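K.L.:
Pasting a structure here, questions to come.
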Amino acid sequence: MGAAISSTLSMGLTYLCCTSASSLCNACFGSTAAGTTGRKRSVLLLTMTVAFALLFQYYVAPNVITHQGWWNVYSSIPGVGTRMYYAWVDGCDAHKDEPDLYGHCVGNSGVYRPTSLSTLFFVISAIAARFRPALNREAWPAKYGIFLVALLGTMFIPNHPFFDGVFLVSARIGAMAFIVIQQIILIDVAYNWNESWVERSNEADRIDYGSGGWGVRALIA
């Protein structure tokens, strides 16, 4: 009888905790109001990506190499530790005789995991939003959950060929294109800003001669 009561109470408390956590996540990260976008949620996911990239590079990767810290607990699970170890050091064997390069290689492989996952996430989100725009502001708790579960799965995927091959090359090409487009946008903004200030200075001169001089002087300075 006592065991049945204890089991019922445990199930009830578990249900209450899960329901409370779900309600809290939905209240904080749930769907945004109609007419808005999920921009803030997207920025939060990008922030999580940067945080996990730093965690993987400077904490997880060194422990994978040295088999210290949390690795002793994690590797006690049959097959899991070995699979994760070979996934992270895949493609880094050429630098094994040089500890610094070997550490950088494994650390970089840790960065590729959350960054490639976030890239894939936003590509899929962009395609889905094309057909249903409301998806950009809906179900963010579920999206965060899927992202974290998928991130856990990437820890067991070997570096080659996806991370240090397909994703690395694609990221370099994308970064190059981004820099070129960014420079074009910045130049366009500078020209538009210049035209706006000159137009306002001319308008001020027409109303009160000489009053627009401060704008021109500030622009030249």
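Going by the structure tokens order, chains are called A, B, ..., each with residues numbered from 1, while ligands are numbered from 1 in the order shown.
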Please identify all polymer residues within 9 Å of region 105-109 of chain A, counting only C-alpha atoms, omitting same-chain residues fewer than 2 positions from it, and present them as a PyMOL selection string.
P.N.:
chain A and resi 53+56-62+64-65+88-92+95+100-103+111-113+159+163-164
K.L.:
Would you give me, as number ranges by chain, the residues in region 109-154 of chain A that DSSP reads as alpha helix (DSSP H)?
P.N.:
A: 109-131, 140-154
K.L.:
Can you work out the spacing between CA of Gly165 (chain A) and CA of Tyr85 (chain A) in Å, to one decimal?
P.N.:
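The value is 18.9 Å.
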K.L.:
In Å, how far is it from CA of Leu135 (chain A) to CA of Met48 (chain A)?
P.N.:
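Taking CA of Leu135 (chain A) as the start and CA of Met48 (chain A) as the end point, the length is 20.3 Å.
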